[in-house]
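Participant: The structure follows.
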Amino acid sequence: MSNKWLKGLGITFASTLVLAACGNGGDDNSASEETNEDGNVAIEELSVQFVPSRDPEEIVAATAPLEDILKDEMADLGYDIDNVKIDVGTDYEAVGEAMSAGSVDVGFLPGGTYVLYDDGADVILTSTRAGLNNDSEDPAEWNANKPTDPTDEQVTYYRSILVAGPSAKGRELADKVNNGEELTWEDLDSASWSVMSSSSSAGYIYPTIWMQENYEQSLSDLSQISQADSYGTSVSRLATEQADVAVMYADARRDYVEDWEGTFGGEDTIWDSTDVIGVTPGIYNDTISVSKNSDIMTDDLKAALQDAFINIANTDEGKEIISIYSHEGYEKSESSDYDVEREAQQILRDLTN
């Protein structure tokens with residue numbers, strides 16, 4: 001199934017940004033607008049919300065400069081925004097629900113969460129990131145080619161990987177994979193797992209699809225499974241051997257190289273201590289979407305937001321801000337780009353019903 005999906009996408013697949021605006025305007029260009037003396041449209045507040053895929057305090061600190069940068073960029077594009085409010089949702093679903101309710105104007109979500117809430121959210125951008133030197137669906141190739149490093153190629157997809165840690169069970173599973181042996185369902189079920197919420201593409205949905213393709217089972221069928229509030233928590237559980245296996249986006253280990261030996265107390269490097277035991281099909285990148293239930297959203301405002309974020313990503317300061325999500329740029333996008341992600345969601349619904 002993964003080969004068919006990759007062919008259908010051209011190169012790429014779905015995972016995570018969503019922009020939303022509060023109210024009920026959507027595509028309605030008749031939304032009430034006030035104009036300043038300089039001819040710019042006046043907006044009192046634009047709220048931006050991020051999903052907690054990293055530690056919330058890290059996200060808040062990294063994205064704080066976005067408030068002024070986005071105001072300046074939007075002013076050049078014809079919109080004077082008095083206040084850009086930035087915060088982090090309690091979980092992925094909370095951001096999607098806030099967008100659907102119109103209480104958040106701009107939200108960053110994975111593709112999987114976007115399609116769950118596309119009744120209330122309208123995608124306008126897809127993130128791009130550097131490709132990786134590992135892109136095989138054979139986990140043993142990832143382990144023979146450590147560490148995973150970025151390439152110069154920009155791509156609109158990424159993969160999820162199943163990572164075995166330094167625990168005895170983790171090493172047992174990794175050894176089988178590296179020796180060319182097939183893992184059985186009994187092997188996987190004998191391990192303890194750390195996963196993300198059920199709407200997370202890399203942290204739940206695509207690993208479930210991988211299991212369905214290979215074992216006709218899902219993550220929810222595992223005997224020992226616990227949900228983490230962030231990928232950092234999952235990596236920490238591996239380091240402390242609280243979990244034998246964790247699911248994560250393909251370059252997550254790069255983001256926690258220092259924490260592994262420092263904060264998390266790992267005895268060796270993350271590359272020496274972990275191995276990939278499974279690789280999912282490609283996942284289409286994060287979206288920036290706008291709320292369909294916004295009092296302020298118009299087609300012109302959507303277009304301005306598209307240009308603003310693309311422009312911001314082309315600056316050094318902007319690149320530093322969006323790097324918190326491993327984003328390096330943005331391309332204009334539309335709902336149909338996430339049709340394969342919708343297929344993935346339907347498969348997941350079928351598995352859980």
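We label chains A, B, ... in the order they appear in the structure tokens, count residues from 1 in each chain, and number ligands from 1 in the order shown.
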If we count only C-alpha atoms, what is near region 305-321 of chain A at a cut-off of 10 Å, once residues fewer than 6 positions away on the same chain are taken out, given as a PyMOL selection string?

Facilitator: chain A and resi 19+59+61-66+69-77+79+106+124-127+288-290+299+327-333

Participant: Give me the residues within 10 Å of Thr90 (chain A) as a list in words, counting only C-alpha atoms and dropping any in the same chain fewer than 4 places off.

Facilitator: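 The contact residues come out as Phe50, Val51, Pro52, Pro56, Ala94, Val95 and Asp229 of chain A.
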
Participant: Could those selected residues go to a file with C-alpha atoms, as a tab-separated table (two decimals), in the first residue's frame?

Facilitator:
chain	number	residue	atom	x	y	z
A	50	PHE	CA	0.86	25.98	17.98
A	51	VAL	CA	0.49	22.28	18.75
A	52	PRO	CA	2.69	20.93	21.58
A	56	PRO	CA	5.49	24.21	25.15
A	94	ALA	CA	-7.51	21.49	21.36
A	95	VAL	CA	-6.00	23.60	18.57
A	229	ASP	CA	2.46	14.72	25.76

Participant: Calculated over only C-alpha atoms, which of the candidates A:Asp68, A:Asp251, A:Asp122, A:Glu186 has the smallest distance to Trp142 (chain A)?

Facilitator: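 Ranked by minimum distance to Trp142 (chain A), first place goes to A:Asp251.
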
Participant: Which residue gives the smallest distance to Gly180 (chain A) among A:Val88, A:Glu141, A:Asp300, A:Ser103, with only C-alpha atoms counted?

Facilitator: A:Glu141

Participant: Mind listing the strand (DSSP E) residues of region 69-163 of chain A, per DSSP on the backbone, as an MDAnalysis selection string?

Facilitator: chainID A and resid 79:88 106:109 121:132 150:155 157:158 160:163

Participant: Suppose we keep N, CA and C atoms; can you now write the selection as a short mmCIF file (atom, residue, chain, number, x, y, z; two decimals), in the first residue's frame?

Facilitator:
data_model
loop_
_atom_site.label_atom_id
_atom_site.label_comp_id
_atom_site.auth_asym_id
_atom_site.auth_seq_id
_atom_site.Cartn_x
_atom_site.Cartn_y
_atom_site.Cartn_z
N TYR A 79 -2.27 45.12 5.76
CA TYR A 79 -3.05 44.82 6.96
C TYR A 79 -2.31 45.32 8.20
N ASP A 80 -2.94 46.24 8.93
CA ASP A 80 -2.40 46.73 10.19
C ASP A 80 -3.01 45.92 11.33
N ILE A 81 -2.19 45.08 11.98
CA ILE A 81 -2.66 44.24 13.07
C ILE A 81 -2.16 44.82 14.38
N ASP A 82 -3.08 45.19 15.26
CA ASP A 82 -2.68 45.79 16.53
C ASP A 82 -1.95 44.79 17.42
N ASN A 83 -2.41 43.55 17.45
CA ASN A 83 -1.83 42.57 18.35
C ASN A 83 -1.83 41.19 17.71
N VAL A 84 -0.66 40.53 17.73
CA VAL A 84 -0.57 39.13 17.33
C VAL A 84 -0.37 38.32 18.61
N LYS A 85 -1.36 37.50 18.92
CA LYS A 85 -1.33 36.71 20.16
C LYS A 85 -0.86 35.30 19.84
N ILE A 86 0.22 34.85 20.50
CA ILE A 86 0.78 33.52 20.24
C ILE A 86 0.74 32.68 21.51
N ASP A 87 0.22 31.45 21.40
CA ASP A 87 0.29 30.52 22.51
C ASP A 87 0.33 29.09 22.00
N VAL A 88 0.38 28.13 22.91
CA VAL A 88 0.47 26.71 22.58
C VAL A 88 -0.75 26.00 23.13
N VAL A 106 -4.95 31.61 13.90
CA VAL A 106 -3.87 30.94 13.19
C VAL A 106 -3.38 29.77 14.04
N GLY A 107 -3.32 28.57 13.46
CA GLY A 107 -2.87 27.42 14.25
C GLY A 107 -1.96 26.53 13.44
N PHE A 108 -0.94 25.98 14.05
CA PHE A 108 0.00 25.09 13.39
C PHE A 108 -0.34 23.65 13.77
N LEU A 109 -0.71 22.83 12.78
CA LEU A 109 -1.12 21.44 13.03
C LEU A 109 -0.50 20.49 12.02
N ALA A 121 -11.45 24.34 9.16
CA ALA A 121 -10.15 24.90 8.83
C ALA A 121 -9.90 24.79 7.34
N ASP A 122 -9.21 25.77 6.77
CA ASP A 122 -8.93 25.82 5.34
C ASP A 122 -7.42 25.95 5.15
N VAL A 123 -6.77 24.91 4.59
CA VAL A 123 -5.32 24.93 4.44
C VAL A 123 -4.90 25.96 3.40
N ILE A 124 -3.82 26.69 3.68
CA ILE A 124 -3.31 27.65 2.71
C ILE A 124 -1.84 27.42 2.37
N LEU A 125 -1.09 26.75 3.25
CA LEU A 125 0.33 26.51 3.02
C LEU A 125 0.74 25.13 3.51
N THR A 126 1.74 24.57 2.86
CA THR A 126 2.39 23.34 3.32
C THR A 126 3.85 23.66 3.60
N SER A 127 4.36 23.14 4.69
CA SER A 127 5.76 23.39 5.03
C SER A 127 6.69 22.54 4.19
N THR A 128 7.89 23.04 3.99
CA THR A 128 8.94 22.25 3.35
C THR A 128 10.08 22.10 4.35
N ARG A 129 10.84 21.05 4.17
CA ARG A 129 11.98 20.80 5.03
C ARG A 129 13.05 20.09 4.23
N ALA A 130 14.25 20.06 4.78
CA ALA A 130 15.33 19.35 4.10
C ALA A 130 15.04 17.86 4.08
N GLY A 131 15.34 17.23 2.95
CA GLY A 131 15.23 15.78 2.90
C GLY A 131 16.30 15.16 3.78
N LEU A 132 16.21 13.85 3.98
CA LEU A 132 17.17 13.14 4.83
C LEU A 132 17.98 12.14 4.01
N PRO A 150 20.51 15.74 7.29
CA PRO A 150 19.73 16.41 6.24
C PRO A 150 20.51 16.49 4.93
N THR A 151 19.77 16.64 3.84
CA THR A 151 20.36 16.86 2.53
C THR A 151 20.00 18.27 2.07
N ASP A 152 20.47 18.66 0.90
CA ASP A 152 20.16 19.99 0.36
C ASP A 152 18.79 20.04 -0.29
N GLU A 153 18.18 18.90 -0.54
CA GLU A 153 16.89 18.85 -1.23
C GLU A 153 15.75 19.25 -0.29
N GLN A 154 14.86 20.13 -0.76
CA GLN A 154 13.66 20.49 -0.01
C GLN A 154 12.52 19.56 -0.41
N VAL A 155 11.82 19.02 0.59
CA VAL A 155 10.74 18.07 0.31
C VAL A 155 9.49 18.48 1.09
N TYR A 157 7.39 16.09 2.26
CA TYR A 157 6.95 14.93 3.03
C TYR A 157 8.03 14.48 4.00
N TYR A 158 7.63 13.66 4.93
CA TYR A 158 8.56 13.05 5.87
C TYR A 158 8.01 11.68 6.22
N SER A 160 7.49 8.57 9.42
CA SER A 160 7.50 8.22 10.84
C SER A 160 8.36 6.96 11.00
N ILE A 161 9.08 6.88 12.10
CA ILE A 161 9.90 5.71 12.35
C ILE A 161 9.54 5.12 13.72
N LEU A 162 9.71 3.82 13.84
CA LEU A 162 9.52 3.11 15.09
C LEU A 162 10.92 2.86 15.64
N VAL A 163 11.22 3.42 16.80
CA VAL A 163 12.58 3.42 17.33
C VAL A 163 12.66 2.58 18.59
#

Participant: At a cut-off of 9 Å, using only C-alpha atoms, what residues contact Ala344 (chain A)? Leave out same-chain residues fewer than 3 positions from it and give the result as an mmCIF file with N, CA and C atoms, in the first residue's frame.

Facilitator:
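See part30.cif below for the written result:
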data_model
loop_
_atom_site.group_PDB
_atom_site.id
_atom_site.type_symbol
_atom_site.label_atom_id
_atom_site.label_comp_id
_atom_site.auth_asym_id
_atom_site.auth_seq_id
_atom_site.Cartn_x
_atom_site.Cartn_y
_atom_site.Cartn_z
ATOM 1 N N GLY A 112 -2.503 15.293 9.601
ATOM 2 C CA GLY A 112 -3.510 14.388 10.127
ATOM 3 C C GLY A 112 -4.537 15.097 10.973
ATOM 4 N N ILE A 205 -0.977 7.796 13.693
ATOM 5 C CA ILE A 205 -1.754 7.354 12.538
ATOM 6 C C ILE A 205 -0.936 6.486 11.590
ATOM 7 N N TYR A 206 0.205 6.986 11.133
ATOM 8 C CA TYR A 206 0.990 6.220 10.164
ATOM 9 C C TYR A 206 1.656 4.981 10.764
ATOM 10 N N ILE A 209 -0.997 2.486 10.514
ATOM 11 C CA ILE A 209 -1.138 1.985 9.146
ATOM 12 C C ILE A 209 -0.020 0.997 8.815
ATOM 13 N N ASP A 339 -5.629 14.734 0.219
ATOM 14 C CA ASP A 339 -6.587 13.653 -0.027
ATOM 15 C C ASP A 339 -6.043 12.298 0.422
ATOM 16 N N VAL A 340 -4.747 12.069 0.239
ATOM 17 C CA VAL A 340 -4.185 10.794 0.673
ATOM 18 C C VAL A 340 -4.205 10.700 2.199
ATOM 19 N N GLU A 341 -3.999 11.824 2.845
ATOM 20 C CA GLU A 341 -4.110 11.845 4.302
ATOM 21 C C GLU A 341 -5.532 11.504 4.731
ATOM 22 N N ILE A 347 -8.775 4.821 6.875
ATOM 23 C CA ILE A 347 -8.232 3.523 7.275
ATOM 24 C C ILE A 347 -8.182 3.421 8.779
ATOM 25 N N LEU A 348 -7.746 4.485 9.436
ATOM 26 C CA LEU A 348 -7.660 4.475 10.881
ATOM 27 C C LEU A 348 -9.042 4.333 11.519
ATOM 28 N N ARG A 349 -10.032 5.039 10.949
ATOM 29 C CA ARG A 349 -11.395 4.916 11.482
ATOM 30 C C ARG A 349 -11.897 3.476 11.314
#

Participant: Based on the backbone DSSP call, show me all residues of region 158-308 of chain A assigned alpha helix (DSSP H), as a ChimeraX atom specification.

Facilitator: /A:168-178,185-189,206-215,231-239,252-255,257-261,270-273,299-308

Participant: Report as a list in words all protein, DNA and RNA residues lying within 10 Å of Met211 (chain A), evaluated on only C-alpha atoms, omitting residues in the same chain fewer than 5 positions from it.

Facilitator: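 Once the adjacent positions are removed, what remains is Trp185, Leu188, Tyr206, Glu216, Gln217, Ser218, Leu219, Asp221, Gly278 and Thr280 of chain A.
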
Participant: Now that the selection is made, can you save its residues with N, CA and C atoms as a CSV table (one decimal), in the first residue's frame?

Facilitator:
chain,number,residue,atom,x,y,z
A,185,TRP,N,4.4,-10.2,15.3
A,185,TRP,CA,3.5,-9.4,16.1
A,185,TRP,C,3.7,-9.7,17.6
A,188,LEU,N,6.5,-7.4,18.8
A,188,LEU,CA,6.1,-6.1,19.1
A,188,LEU,C,5.2,-6.0,20.3
A,206,TYR,N,0.2,7.0,11.1
A,206,TYR,CA,1.0,6.2,10.2
A,206,TYR,C,1.7,5.0,10.8
A,216,GLU,N,-1.8,-6.7,10.2
A,216,GLU,CA,-3.3,-6.6,10.3
A,216,GLU,C,-3.7,-6.3,11.8
A,217,GLN,N,-2.8,-5.5,12.5
A,217,GLN,CA,-3.1,-5.0,13.8
A,217,GLN,C,-2.9,-3.5,13.9
A,218,SER,N,-3.2,-2.9,15.0
A,218,SER,CA,-3.0,-1.5,15.1
A,218,SER,C,-2.3,-1.2,16.5
A,219,LEU,N,-1.8,0.1,16.6
A,219,LEU,CA,-1.2,0.5,17.9
A,219,LEU,C,-2.1,0.2,19.1
A,221,ASP,N,-3.9,-2.2,19.6
A,221,ASP,CA,-4.0,-3.6,19.9
A,221,ASP,C,-2.8,-4.0,20.8
A,278,GLY,N,11.1,0.0,12.3
A,278,GLY,CA,10.0,0.1,11.3
A,278,GLY,C,10.0,1.5,10.7
A,280,THR,N,7.5,4.0,8.2
A,280,THR,CA,6.1,4.2,7.6
A,280,THR,C,6.2,4.8,6.1

Participant: What's the 10 Å shell around Ser197 (chain A), counting only C-alpha atoms, without same-chain residues fewer than 2 positions away, as a list of chain:residue names?

Facilitator: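 Neighbouring residues, sequence-local ones excluded: A:Asp91, A:Tyr92, A:Glu93, A:Val195, A:Ser199, A:Ser200, A:Ser201, A:Ala202, A:Gly203, A:Tyr204, A:Ile205, A:Ser226, A:Gln227, A:Ala228, A:Asp229, A:Ser230.
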
Participant: In Å to one decimal, how far is CA of Asp38 (chain A) from CA of Asp105 (chain A)?

Facilitator: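 So the answer is 24.1 Å.
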
Participant: Grab the CA of Asn133 (chain A) to CA of Asn145 (chain A) distance for me, in Å with one decimal place.

Facilitator: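 Calculated distance between CA of Asn133 (chain A) and CA of Asn145 (chain A) is 8.3 Å.
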
Participant: Would you kindly return, as a list of chain:residue names, each protein, DNA or RNA residue with an atom no farther than 10 Å from any atom of Arg254 (chain A), considering only C-alpha atoms and excluding same-chain residues fewer than 6 positions away?

Facilitator: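 Residues meeting the cut-off are A:Pro147, A:Thr148, A:Asp149, A:Pro150, A:Ile270, A:Trp271.
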
Participant: Can those selected residues be exported to a file as a PDB file, in the first residue's frame so that it contains C-alpha atoms?

Facilitator:
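Here's the written file result_24.pdb:
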ATOM      1  CA  PRO A 147      23.367   9.214  11.946  1.00  0.00           C
ATOM      2  CA  THR A 148      20.406  10.519   9.996  1.00  0.00           C
ATOM      3  CA  ASP A 149      21.496  13.803   8.397  1.00  0.00           C
ATOM      4  CA  PRO A 150      19.734  16.407   6.236  1.00  0.00           C
ATOM      5  CA  ILE A 270      21.259   8.568  21.028  1.00  0.00           C
ATOM      6  CA  TRP A 271      22.658   7.060  17.815  1.00  0.00           C
TER       7      TRP A 271
END

Participant: Can you work out the spacing between CA of Val247 (chain A) and CA of Pro139 (chain A) in Å, to one decimal?

Facilitator: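 Atom-to-atom, CA of Val247 (chain A) and CA of Pro139 (chain A) are spaced 13.1 Å apart.
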
Participant: Restricting the calculation to only C-alpha atoms: of A:Glu34, A:Lys302, A:Gln345, A:Thr274, which residue gets closest to Lys146 (chain A)?

Facilitator: A:Thr274
